[in-house]
Structures are given as structure tokens and as C-alpha cells.
$ cat protein.cif   # mmCIF, C-alpha atoms, pLDDT in the B column; chains and numbers go by the auth columns
data_final
loop_
_atom_site.group_PDB
_atom_site.id
_atom_site.type_symbol
_atom_site.label_atom_id
_atom_site.label_comp_id
_atom_site.label_asym_id
_atom_site.label_seq_id
_atom_site.Cartn_x
_atom_site.Cartn_y
_atom_site.Cartn_z
_atom_site.B_iso_or_equiv
_atom_site.auth_seq_id
_atom_site.auth_asym_id
ATOM 1 C CA MET A 1 0.000 0.000 0.000 68.00 1 A
ATOM 2 C CA SER A 2 1.230 3.477 -0.814 79.00 2 A
ATOM 3 C CA THR A 3 1.654 6.206 1.776 85.00 3 A
ATOM 4 C CA THR A 4 -1.430 7.987 0.442 87.00 4 A
ATOM 5 C CA VAL A 5 -3.561 4.878 0.789 88.00 5 A
ATOM 6 C CA VAL A 6 -2.334 4.238 4.328 88.00 6 A
ATOM 7 C CA THR A 7 -2.928 7.889 5.255 91.00 7 A
ATOM 8 C CA LEU A 8 -6.468 7.821 3.887 92.00 8 A
ATOM 9 C CA TRP A 9 -7.102 4.501 5.614 90.00 9 A
ATOM 10 C CA LEU A 10 -5.923 5.839 8.970 92.00 10 A
ATOM 11 C CA LEU A 11 -7.969 9.024 8.526 93.00 11 A
ATOM 12 C CA ASN A 12 -11.013 6.904 7.756 93.00 12 A
ATOM 13 C CA ILE A 13 -10.471 4.837 10.897 92.00 13 A
ATOM 14 C CA LEU A 14 -10.000 7.990 12.957 93.00 14 A
ATOM 15 C CA LEU A 15 -13.122 9.704 11.628 94.00 15 A
ATOM 16 C CA ASP A 16 -15.261 6.574 11.854 92.00 16 A
ATOM 17 C CA THR A 17 -14.146 5.882 15.408 92.00 17 A
ATOM 18 C CA PHE A 18 -14.634 9.467 16.548 92.00 18 A
ATOM 19 C CA GLY A 19 -18.010 9.598 14.788 93.00 19 A
ATOM 20 C CA GLN A 20 -19.217 6.419 16.477 91.00 20 A
ATOM 21 C CA LEU A 21 -18.011 7.579 19.879 90.00 21 A
ATOM 22 C CA SER A 22 -19.719 10.927 19.337 92.00 22 A
ATOM 23 C CA PHE A 23 -23.006 9.216 18.473 91.00 23 A
ATOM 24 C CA LYS A 24 -22.676 7.054 21.557 88.00 24 A
ATOM 25 C CA ALA A 25 -21.974 10.115 23.719 88.00 25 A
ATOM 26 C CA ALA A 26 -25.014 11.836 22.205 88.00 26 A
ATOM 27 C CA ALA A 27 -27.302 8.847 22.669 86.00 27 A
ATOM 28 C CA ALA A 28 -26.138 7.826 26.141 83.00 28 A
ATOM 29 C CA GLY A 29 -27.829 9.009 29.281 73.00 29 A
ATOM 30 C CA PRO A 30 -31.125 8.185 30.961 71.00 30 A
ATOM 31 C CA ASP A 31 -32.267 11.788 31.180 77.00 31 A
ATOM 32 C CA LEU A 32 -33.043 12.150 27.480 75.00 32 A
ATOM 33 C CA GLY A 33 -36.663 11.159 27.698 77.00 33 A
ATOM 34 C CA GLU A 34 -38.517 8.837 25.328 80.00 34 A
ATOM 35 C CA GLY A 35 -39.675 8.899 21.722 81.00 35 A
ATOM 36 C CA LEU A 36 -39.580 12.224 19.895 85.00 36 A
ATOM 37 C CA ALA A 37 -38.477 14.049 23.038 85.00 37 A
ATOM 38 C CA ARG A 38 -35.361 11.849 23.130 85.00 38 A
ATOM 39 C CA TRP A 39 -34.520 12.740 19.532 87.00 39 A
ATOM 40 C CA ARG A 40 -34.961 16.419 20.299 87.00 40 A
ATOM 41 C CA ALA A 41 -32.738 16.114 23.356 86.00 41 A
ATOM 42 C CA MET A 42 -30.091 14.354 21.284 86.00 42 A
ATOM 43 C CA ALA A 43 -30.267 17.034 18.584 88.00 43 A
ATOM 44 C CA ARG A 44 -29.492 19.641 21.238 88.00 44 A
ATOM 45 C CA ARG A 45 -26.314 17.827 22.203 89.00 45 A
ATOM 46 C CA PRO A 46 -23.201 18.963 20.320 91.00 46 A
ATOM 47 C CA TRP A 47 -21.949 15.379 20.149 91.00 47 A
ATOM 48 C CA ILE A 48 -24.555 14.411 17.599 92.00 48 A
ATOM 49 C CA TRP A 49 -23.392 17.164 15.231 93.00 49 A
ATOM 50 C CA CYS A 50 -19.803 16.256 15.878 94.00 50 A
ATOM 51 C CA GLY A 51 -20.642 12.693 14.838 94.00 51 A
ATOM 52 C CA ILE A 52 -22.466 13.857 11.712 95.00 52 A
ATOM 53 C CA GLY A 53 -19.472 16.060 10.811 95.00 53 A
ATOM 54 C CA CYS A 54 -17.146 13.098 11.230 95.00 54 A
ATOM 55 C CA TYR A 55 -19.332 10.978 8.969 95.00 55 A
ATOM 56 C CA VAL A 56 -19.379 13.658 6.266 95.00 56 A
ATOM 57 C CA GLY A 57 -15.586 13.837 6.436 94.00 57 A
ATOM 58 C CA GLU A 58 -15.363 10.057 6.442 93.00 58 A
ATOM 59 C CA PHE A 59 -17.515 9.898 3.326 94.00 59 A
ATOM 60 C CA LEU A 60 -15.071 12.140 1.467 94.00 60 A
ATOM 61 C CA ILE A 61 -12.024 10.267 2.744 93.00 61 A
ATOM 62 C CA TRP A 62 -13.624 6.922 1.915 92.00 62 A
ATOM 63 C CA ALA A 63 -14.392 8.063 -1.637 92.00 63 A
ATOM 64 C CA ALA A 64 -10.754 9.102 -2.072 92.00 64 A
ATOM 65 C CA PHE A 65 -9.613 5.809 -0.528 91.00 65 A
ATOM 66 C CA LEU A 66 -11.767 3.771 -2.899 90.00 66 A
ATOM 67 C CA SER A 67 -10.329 5.648 -5.856 90.00 67 A
ATOM 68 C CA LEU A 68 -6.958 4.096 -4.992 88.00 68 A
ATOM 69 C CA VAL A 69 -7.895 0.567 -3.948 86.00 69 A
ATOM 70 C CA THR A 70 -10.426 -1.947 -5.190 84.00 70 A
ATOM 71 C CA LEU A 71 -13.770 -2.039 -3.449 86.00 71 A
ATOM 72 C CA SER A 72 -13.229 -5.605 -2.268 82.00 72 A
ATOM 73 C CA GLU A 73 -9.895 -4.711 -0.700 82.00 73 A
ATOM 74 C CA GLY A 74 -11.170 -1.434 0.752 86.00 74 A
ATOM 75 C CA VAL A 75 -14.153 -3.044 2.416 84.00 75 A
ATOM 76 C CA LEU A 76 -11.979 -5.696 4.016 85.00 76 A
ATOM 77 C CA LEU A 77 -9.447 -3.133 5.231 86.00 77 A
ATOM 78 C CA GLY A 78 -12.315 -1.043 6.580 86.00 78 A
ATOM 79 C CA SER A 79 -13.296 -3.915 8.869 85.00 79 A
ATOM 80 C CA ILE A 80 -10.591 -2.820 11.291 88.00 80 A
ATOM 81 C CA ASN A 81 -12.932 0.021 12.252 88.00 81 A
ATOM 82 C CA ILE A 82 -14.968 -2.502 14.234 87.00 82 A
ATOM 83 C CA VAL A 83 -11.951 -3.416 16.318 88.00 83 A
ATOM 84 C CA VAL A 84 -10.791 0.164 16.923 90.00 84 A
ATOM 85 C CA ILE A 85 -14.285 1.279 17.906 89.00 85 A
ATOM 86 C CA MET A 86 -14.692 -1.641 20.312 87.00 86 A
ATOM 87 C CA ILE A 87 -11.348 -0.923 21.947 88.00 87 A
ATOM 88 C CA ALA A 88 -12.239 2.777 22.233 88.00 88 A
ATOM 89 C CA GLY A 89 -15.607 1.823 23.718 86.00 89 A
ATOM 90 C CA ARG A 90 -13.819 -0.365 26.230 86.00 90 A
ATOM 91 C CA PHE A 91 -11.838 2.576 27.559 87.00 91 A
ATOM 92 C CA LEU A 92 -14.323 5.428 27.150 85.00 92 A
ATOM 93 C CA PHE A 93 -17.627 3.736 27.967 83.00 93 A
ATOM 94 C CA ASP A 94 -16.319 0.866 30.080 82.00 94 A
ATOM 95 C CA GLU A 95 -17.733 -1.749 27.726 82.00 95 A
ATOM 96 C CA LYS A 96 -16.387 -5.122 28.831 81.00 96 A
ATOM 97 C CA PHE A 97 -14.740 -7.745 26.656 83.00 97 A
ATOM 98 C CA SER A 98 -15.856 -11.340 26.981 86.00 98 A
ATOM 99 C CA PRO A 99 -13.503 -14.147 25.839 88.00 99 A
ATOM 100 C CA LEU A 100 -15.602 -14.759 22.718 89.00 100 A
ATOM 101 C CA ARG A 101 -15.616 -11.060 21.925 89.00 101 A
ATOM 102 C CA THR A 102 -11.853 -10.898 22.363 89.00 102 A
ATOM 103 C CA LEU A 103 -11.466 -13.861 20.037 92.00 103 A
ATOM 104 C CA GLY A 104 -13.648 -12.087 17.471 91.00 104 A
ATOM 105 C CA ILE A 105 -11.518 -8.953 17.704 90.00 105 A
ATOM 106 C CA LEU A 106 -8.345 -10.984 17.248 91.00 106 A
ATOM 107 C CA LEU A 107 -9.770 -12.802 14.220 92.00 107 A
ATOM 108 C CA VAL A 108 -10.916 -9.577 12.545 91.00 108 A
ATOM 109 C CA THR A 109 -7.524 -7.986 13.209 90.00 109 A
ATOM 110 C CA ALA A 110 -5.743 -11.000 11.768 91.00 110 A
ATOM 111 C CA GLY A 111 -7.981 -10.884 8.701 90.00 111 A
ATOM 112 C CA VAL A 112 -7.238 -7.211 8.062 88.00 112 A
ATOM 113 C CA ALA A 113 -3.533 -7.847 8.592 88.00 113 A
ATOM 114 C CA VAL A 114 -3.596 -10.628 6.007 87.00 114 A
ATOM 115 C CA VAL A 115 -5.387 -8.427 3.455 82.00 115 A
ATOM 116 C CA GLY A 116 -3.127 -5.432 4.049 78.00 116 A
ATOM 117 C CA TRP A 117 0.115 -7.357 4.353 74.00 117 A
ATOM 118 C CA PRO A 118 2.699 -5.831 2.005 62.00 118 A
ATOM 119 C CA ASP A 119 3.358 -7.923 -1.078 55.00 119 A
ATOM 120 C CA ALA A 120 0.704 -10.411 -0.090 53.00 120 A
ATOM 121 C CA PRO A 121 0.444 -13.082 -2.764 48.00 121 A
ATOM 122 C CA LEU A 122 -2.467 -12.241 -5.001 48.00 122 A
ATOM 123 C CA LEU A 123 -4.524 -14.756 -6.833 42.00 123 A
ATOM 124 C CA SER A 124 -5.196 -11.956 -9.303 45.00 124 A
ATOM 125 C CA ASP A 125 -1.517 -11.977 -10.210 46.00 125 A
ATOM 126 C CA ARG A 126 -1.815 -15.571 -11.253 42.00 126 A
ATOM 127 C CA VAL A 127 -5.126 -15.004 -12.992 42.00 127 A
ATOM 128 C CA SER A 128 -3.880 -11.998 -14.905 44.00 128 A
ATOM 129 C CA GLY A 129 -0.575 -13.600 -15.694 48.00 129 A
ATOM 130 C CA ALA A 130 1.387 -10.743 -14.111 51.00 130 A
ATOM 131 C CA GLY A 131 3.227 -13.194 -11.895 50.00 131 A
ATOM 132 C CA LEU A 132 4.061 -15.256 -14.945 49.00 132 A
ATOM 133 C CA LEU A 133 5.215 -12.135 -16.788 55.00 133 A
ATOM 134 C CA ARG A 134 7.733 -11.459 -14.070 55.00 134 A
ATOM 135 C CA TYR A 135 9.333 -14.797 -14.860 50.00 135 A
ATOM 136 C CA VAL A 136 9.083 -14.107 -18.586 55.00 136 A
ATOM 137 C CA ARG A 137 10.869 -10.823 -18.074 59.00 137 A
ATOM 138 C CA ALA A 138 13.644 -12.504 -16.110 59.00 138 A
ATOM 139 C CA ASP A 139 13.974 -15.131 -18.839 60.00 139 A
ATOM 140 C CA LEU A 140 14.130 -12.485 -21.558 63.00 140 A
ATOM 141 C CA LEU A 141 16.840 -10.589 -19.727 66.00 141 A
ATOM 142 C CA GLN A 142 18.835 -13.757 -19.160 67.00 142 A
ATOM 143 C CA ALA A 143 18.457 -14.895 -22.776 68.00 143 A
ATOM 144 C CA ASP A 144 19.505 -11.500 -24.036 66.00 144 A
ATOM 145 C CA ARG A 145 22.569 -11.561 -21.838 69.00 145 A
ATOM 146 C CA GLN A 146 23.524 -15.045 -23.021 70.00 146 A
ATOM 147 C CA SER A 147 23.048 -14.258 -26.698 72.00 147 A
ATOM 148 C CA CYS A 148 25.047 -11.057 -26.391 71.00 148 A
ATOM 149 C CA ASP A 149 27.803 -12.863 -24.528 72.00 149 A
ATOM 150 C CA ALA A 150 27.915 -15.500 -27.268 72.00 150 A
ATOM 151 C CA ALA A 151 28.111 -12.812 -29.946 71.00 151 A
ATOM 152 C CA GLY A 152 30.758 -10.966 -28.000 70.00 152 A
ATOM 153 C CA ILE A 153 28.775 -7.738 -27.764 68.00 153 A
ATOM 154 C CA GLU A 154 27.533 -5.763 -24.849 65.00 154 A
ATOM 155 C CA SER A 155 23.965 -6.458 -23.937 60.00 155 A
ATOM 156 C CA GLY A 156 22.948 -2.887 -23.227 58.00 156 A
ATOM 157 C CA LEU A 157 19.481 -4.103 -22.326 56.00 157 A
ATOM 158 C CA ASP A 158 18.187 -1.832 -19.672 55.00 158 A
ATOM 159 C CA PRO A 159 15.962 -3.778 -17.288 54.00 159 A
ATOM 160 C CA ALA A 160 13.804 -0.711 -16.758 52.00 160 A
ATOM 161 C CA PRO A 161 11.975 -0.793 -20.122 51.00 161 A
ATOM 162 C CA ALA A 162 11.351 -4.486 -19.643 50.00 162 A
ATOM 163 C CA VAL A 163 9.836 -3.698 -16.266 50.00 163 A
ATOM 164 C CA ASP A 164 7.655 -1.089 -17.941 54.00 164 A
ATOM 165 C CA ALA A 165 6.654 -3.611 -20.572 54.00 165 A
ATOM 166 C CA VAL A 166 5.544 -5.973 -17.845 55.00 166 A
ATOM 167 C CA GLY A 167 3.617 -3.138 -16.233 58.00 167 A
ATOM 168 C CA VAL A 168 1.874 -2.328 -19.501 54.00 168 A
ATOM 169 C CA LEU A 169 0.932 -5.933 -20.055 53.00 169 A
ATOM 170 C CA ARG A 170 -0.185 -6.313 -16.473 56.00 170 A
ATOM 171 C CA ASP A 171 -2.424 -3.270 -16.721 57.00 171 A
ATOM 172 C CA ARG A 172 -3.960 -4.580 -19.877 52.00 172 A
ATOM 173 C CA LEU A 173 -4.516 -7.987 -18.394 54.00 173 A
ATOM 174 C CA LEU A 174 -6.067 -6.493 -15.289 57.00 174 A
ATOM 175 C CA HIS A 175 -8.418 -4.561 -17.525 56.00 175 A
ATOM 176 C CA ARG A 176 -9.284 -7.806 -19.250 48.00 176 A
ATOM 177 C CA ARG A 177 -7.629 -6.905 -22.481 48.00 177 A
ATOM 178 C CA VAL A 178 -6.056 -9.621 -24.510 45.00 178 A
ATOM 179 C CA PRO A 179 -2.296 -9.221 -24.274 44.00 179 A
ATOM 180 C CA ASP A 180 -0.619 -8.571 -27.552 48.00 180 A
ATOM 181 C CA LEU A 181 3.140 -8.603 -27.660 47.00 181 A
ATOM 182 C CA ASP A 182 3.087 -6.263 -30.676 46.00 182 A
ATOM 183 C CA ASP A 183 1.496 -3.682 -28.390 50.00 183 A
ATOM 184 C CA LEU A 184 4.790 -3.454 -26.588 46.00 184 A
ATOM 185 C CA ALA A 185 6.239 -1.565 -29.517 46.00 185 A
ATOM 186 C CA ARG A 186 3.570 1.104 -29.220 50.00 186 A
ATOM 187 C CA THR A 187 4.969 2.691 -26.112 48.00 187 A
ATOM 188 C CA ARG A 188 8.187 4.592 -26.039 44.00 188 A
ATOM 189 C CA ALA A 189 9.724 2.692 -23.149 47.00 189 A
ATOM 190 C CA ASP A 190 8.708 -0.682 -24.507 49.00 190 A
ATOM 191 C CA ARG A 191 9.962 0.150 -27.971 46.00 191 A
ATOM 192 C CA ALA A 192 13.448 0.578 -26.570 51.00 192 A
ATOM 193 C CA GLY A 193 13.256 -2.792 -24.878 51.00 193 A
ATOM 194 C CA VAL A 194 11.939 -4.634 -27.940 47.00 194 A
ATOM 195 C CA ARG A 195 14.539 -3.149 -30.263 48.00 195 A
ATOM 196 C CA ARG A 196 17.283 -4.327 -28.009 49.00 196 A
ATOM 197 C CA LEU A 197 15.705 -7.724 -27.841 49.00 197 A
ATOM 198 C CA ALA A 198 15.650 -7.981 -31.614 45.00 198 A
ATOM 199 C CA PRO A 199 19.201 -9.383 -31.981 47.00 199 A
ATOM 200 C CA TRP A 200 18.340 -12.105 -29.539 47.00 200 A
ATOM 201 C CA LYS A 201 15.115 -12.870 -31.418 48.00 201 A
ATOM 202 C CA SER A 202 16.792 -13.107 -34.819 47.00 202 A
ATOM 203 C CA SER A 203 19.616 -15.257 -33.490 46.00 203 A
ATOM 204 C CA ALA A 204 17.197 -17.712 -31.893 42.00 204 A
ATOM 205 C CA MET B 1 -16.471 -8.154 -1.843 83.00 1 B
ATOM 206 C CA LEU B 2 -18.508 -10.618 -3.850 83.00 2 B
ATOM 207 C CA LEU B 3 -20.586 -7.821 -5.360 84.00 3 B
ATOM 208 C CA SER B 4 -17.494 -5.811 -6.267 82.00 4 B
ATOM 209 C CA TRP B 5 -16.135 -8.928 -7.939 82.00 5 B
ATOM 210 C CA ALA B 6 -19.380 -9.452 -9.847 83.00 6 B
ATOM 211 C CA ILE B 7 -20.110 -5.819 -10.723 82.00 7 B
ATOM 212 C CA PHE B 8 -16.718 -4.146 -11.017 79.00 8 B
ATOM 213 C CA GLY B 9 -14.678 -7.176 -11.968 80.00 9 B
ATOM 214 C CA ASP B 10 -12.365 -6.773 -8.979 78.00 10 B
ATOM 215 C CA ARG B 11 -9.720 -9.433 -8.838 79.00 11 B
ATOM 216 C CA ILE B 12 -9.896 -11.479 -5.676 81.00 12 B
ATOM 217 C CA GLY B 13 -6.529 -12.450 -4.250 81.00 13 B
ATOM 218 C CA THR B 14 -5.693 -15.380 -2.054 84.00 14 B
ATOM 219 C CA ALA B 15 -4.789 -12.911 0.690 84.00 15 B
ATOM 220 C CA GLN B 16 -8.199 -11.287 0.307 85.00 16 B
ATOM 221 C CA LEU B 17 -9.964 -14.630 0.498 87.00 17 B
ATOM 222 C CA ALA B 18 -8.022 -15.641 3.596 89.00 18 B
ATOM 223 C CA GLY B 19 -8.531 -12.215 5.177 89.00 19 B
ATOM 224 C CA ALA B 20 -12.244 -12.260 4.431 90.00 20 B
ATOM 225 C CA ALA B 21 -12.576 -15.721 5.983 92.00 21 B
ATOM 226 C CA LEU B 22 -10.840 -14.541 9.155 92.00 22 B
ATOM 227 C CA ILE B 23 -12.932 -11.361 9.324 91.00 23 B
ATOM 228 C CA ILE B 24 -16.164 -13.300 8.858 92.00 24 B
ATOM 229 C CA ALA B 25 -15.101 -15.764 11.546 93.00 25 B
ATOM 230 C CA GLY B 26 -14.381 -12.820 13.838 92.00 26 B
ATOM 231 C CA ILE B 27 -17.741 -11.212 13.155 91.00 27 B
ATOM 232 C CA VAL B 28 -19.474 -14.541 13.803 92.00 28 B
ATOM 233 C CA CYS B 29 -17.698 -14.700 17.162 91.00 29 B
ATOM 234 C CA LEU B 30 -18.811 -11.152 17.970 88.00 30 B
ATOM 235 C CA ALA B 31 -22.375 -11.969 16.967 88.00 31 B
ATOM 236 C CA LEU B 32 -22.369 -15.163 19.032 89.00 32 B
ATOM 237 C CA SER B 33 -21.100 -13.291 22.070 85.00 33 B
ATOM 238 C CA GLU B 34 -24.202 -11.115 21.785 79.00 34 B
ATOM 239 C CA THR B 35 -26.835 -13.678 20.821 76.00 35 B
ATOM 240 C CA ASN B 36 -25.706 -16.155 23.476 68.00 36 B
ATOM 241 C CA GLY B 37 -26.311 -13.480 26.044 63.00 37 B
ATOM 242 C CA GLU B 38 -22.775 -13.994 27.201 55.00 38 B
ATOM 243 C CA LYS B 39 -22.072 -11.924 30.245 56.00 39 B
ATOM 244 C CA PRO B 40 -18.802 -10.124 29.918 50.00 40 B
ATOM 245 C CA PRO B 41 -16.536 -10.379 32.919 49.00 41 B
ATOM 246 C CA ALA B 42 -17.130 -7.587 35.361 44.00 42 B
#

$ encode --input "protein.cif" --output "C-alpha cells"
Amino acid sequence: MSTTVVTLWLLNILLDTFGQLSFKAAAAGPDLGEGLARWRAMARRPWIWCGIGCYVGEFLIWAAFLSLVTLSEGVLLGSINIVVIMIAGRFLFDEKFSPLRTLGILLVTAGVAVVGWPDAPLLSDRVSGAGLLRYVRADLLQADRQSCDAAGIESGLDPAPAVDAVGVLRDRLLHRRVPDLDDLARTRADRAGVRRLAPWKSSA
Amino acid sequence: MLLSWAIFGDRIGTAQLAGAALIIAGIVCLALSETNGEKPPA
């Protein structure tokens, strides 16, 4: 996850937690009356507006967050809010933890950690072929080096364009486009890589 | 997650599947602690 994503995620957790605690502070108390009178009493408390403000801010942060991660990943990462809110409730409102509740918190935390773990193996990599492309790239670089060594010339193949080529292919695969190796020549960075690979191709 | 996969074509990773399973298990535990009327320790 990038720094921006982590920042937005933490802001979302902060706003969601503070919003929930504000709502709880607004709704708590036996002296609020019943029915409509209770709602009126709550509306007079500043906490309720503080909570609404937090939720408005959270909505904006969440929208920005979702523009950087997939919805499926974002929703799973957002589950940590449950844990943070429960821990905050434990300290601020003296809500007790039972063993089963503690186990639930630990499981949710572990789940979020697994989803957000850096460089977690992604099935999507295998599906899209990006993982395979990494090996292809390594093979291409090695083959180029070998062919150049055999011909007694300097390879000069910069790994960077090949990395870009993999990125281009990966993006296309992720967007469900059929990969076309000829497409590599259509980008400036890839063109440099393919040209340098040409001697290897012709000698093969 | 399932809807985002179906509607937006999100790719589901093994880490996401494992994480989702753990989160669901955790939420089930939290729900059971409520529905069983479990009394938290004082």
C-alpha cells in the first residue's frame, strides 16, 4: 500500500471511530426522555453534530480511498474500524470484553492484517498472468545476456523498459484486455526494450 | 467483496480470500457473544 492509501485509511479509521463515539456520547444518558423528546434532546447535544461532521468527512475520505484501492480490498481493510471502535468503547464507555468477543476482535484484526500485508500473494496476479510475466521478463533478460555474450557484444538491455513492458501488459490484463506482444512496440519505453531484444530474437 | 467482484470485476486475491474468511469468523464470534447473552466479565 502506498503512503497515500495508508494515510487515507488511517484518517477513515479515525473519523469513523470518533463519529461512532460521538453518536454514543449523544445517545447515552437516561435523562433524554422517550420517543420524539429523546430525539430532540439528542439534537441539542453537540456530540450528535460532531458525529455527523465526522461521517461527512469520512464519506469524502472513503471516496478518495476507494479511488486508490479496489472495493473488495477497501471493504476488508475497513473492517478494522470494528476493532478500533470496540477498543475505544472499552476505555471510554467501560464496555467489557468477553472471551468470545476478544477472540472475534483478534480474528478480525488478523484478517485485516492478512489483506493489508505488504506484497501479499495475489490470486489476481496468477489469474492476470502478471506473476508469470515477471518470470518471462527474467527469462528475456537472461536470454539476451547469453546471446550477447555468445556474440561478444555488450547487452545494453536496460531492465527498466522491460519492467515497464511488464507493467503495460499487467495493466492490460487487469483490464481484461487480450495481451498482444506487438502492443509493446507502441509505447516509447517498450519500444526501446523490444529493439534491443531484436538481436536475440533473430539469433534464436 | 462478492458484489465488487461481480459488478466491477475486482480481482480477488488469495490474501483477500483468507482475510475475508478470518474477518467473517471474527464477526461470527462477535455476533455469538451477543446472541448467546454472554455476560462479559465484570

$ atom_distance --input "protein.cif" --atom1 "CA of Lys24 in chain A" --atom2 "CA of Gly19 in chain B"
29.0 Å

$ residues_around --input "protein.cif" --residues "Phe93 in chain A" --least-positions-apart "5" --cutoff "10 Å" --atoms "all atoms listed in the file" --output "PDB file with C-alpha atoms, in the frame of the given file"
ATOM      1  CA  LEU A  21     -18.011   7.579  19.879  1.00 90.00           C
ATOM      2  CA  LYS A  24     -22.676   7.054  21.557  1.00 88.00           C
ATOM      3  CA  ALA A  25     -21.974  10.115  23.719  1.00 88.00           C
ATOM      4  CA  ALA A  28     -26.138   7.826  26.141  1.00 83.00           C
ATOM      5  CA  MET A  86     -14.692  -1.641  20.312  1.00 87.00           C
ATOM      6  CA  ILE A  87     -11.348  -0.923  21.947  1.00 88.00           C
ATOM      7  CA  ALA A  88     -12.239   2.777  22.233  1.00 88.00           C
TER       8      ALA A  88
END

$ atom_distance --input "protein.cif" --atom1 "CA of Gly74 in chain A" --atom2 "CA of Trp62 in chain A"
8.8 Å

$ atom_distance --input "protein.cif" --atom1 "CA of Thr35 in chain B" --atom2 "CA of Ile82 in chain A"
17.6 Å

$ closest_atom_pairs --input "protein.cif" --of "chain A" --to "chain B" --cutoff "7 Å" --atoms "all atoms listed in the file" --output "JSON lines"
{"residue": "A:Thr70", "atom": "CA", "partner": "B:Asp10", "partner_atom": "CA", "distance": 6.4}
{"residue": "A:Leu71", "atom": "CA", "partner": "B:Ser4", "partner_atom": "CA", "distance": 6.0}
{"residue": "A:Ser72", "atom": "CA", "partner": "B:Met1", "partner_atom": "CA", "distance": 4.1}
{"residue": "A:Glu73", "atom": "CA", "partner": "B:Gln16", "partner_atom": "CA", "distance": 6.9}
{"residue": "A:Leu76", "atom": "CA", "partner": "B:Ala20", "partner_atom": "CA", "distance": 6.6}
{"residue": "A:Lys96", "atom": "CA", "partner": "B:Pro40", "partner_atom": "CA", "distance": 5.7}
{"residue": "A:Phe97", "atom": "CA", "partner": "B:Pro40", "partner_atom": "CA", "distance": 5.7}
{"residue": "A:Ser98", "atom": "CA", "partner": "B:Pro40", "partner_atom": "CA", "distance": 4.3}
{"residue": "A:Leu100", "atom": "CA", "partner": "B:Ser33", "partner_atom": "CA", "distance": 5.7}
{"residue": "A:Arg101", "atom": "CA", "partner": "B:Leu30", "partner_atom": "CA", "distance": 5.1}
{"residue": "A:Leu103", "atom": "CA", "partner": "B:Cys29", "partner_atom": "CA", "distance": 6.9}
{"residue": "A:Gly104", "atom": "CA", "partner": "B:Gly26", "partner_atom": "CA", "distance": 3.8}
{"residue": "A:Ile105", "atom": "CA", "partner": "B:Gly26", "partner_atom": "CA", "distance": 6.2}
{"residue": "A:Leu107", "atom": "CA", "partner": "B:Gly26", "partner_atom": "CA", "distance": 4.6}
{"residue": "A:Val108", "atom": "CA", "partner": "B:Ile23", "partner_atom": "CA", "distance": 4.2}
{"residue": "A:Ala110", "atom": "CA", "partner": "B:Leu22", "partner_atom": "CA", "distance": 6.7}
{"residue": "A:Gly111", "atom": "CA", "partner": "B:Gly19", "partner_atom": "CA", "distance": 3.8}
{"residue": "A:Val112", "atom": "CA", "partner": "B:Gly19", "partner_atom": "CA", "distance": 5.9}
{"residue": "A:Val114", "atom": "CA", "partner": "B:Gly19", "partner_atom": "CA", "distance": 5.2}
{"residue": "A:Val115", "atom": "CA", "partner": "B:Gln16", "partner_atom": "CA", "distance": 5.1}
{"residue": "A:Ala120", "atom": "CA", "partner": "B:Ala15", "partner_atom": "CA", "distance": 6.1}
{"residue": "A:Pro121", "atom": "CA", "partner": "B:Ala15", "partner_atom": "CA", "distance": 6.3}
{"residue": "A:Leu122", "atom": "CA", "partner": "B:Gly13", "partner_atom": "CA", "distance": 4.1}
{"residue": "A:Leu123", "atom": "CA", "partner": "B:Gly13", "partner_atom": "CA", "distance": 4.0}
{"residue": "A:Ser124", "atom": "CA", "partner": "B:Arg11", "partner_atom": "CA", "distance": 5.2}

$ residues_around --input "protein.cif" --residues "range 32-48 of chain A" --least-positions-apart "3" --cutoff "10 Å" --atoms "all atoms listed in the file" --output "VMD selection string"
chain A and resid 19 to 29 51 to 54
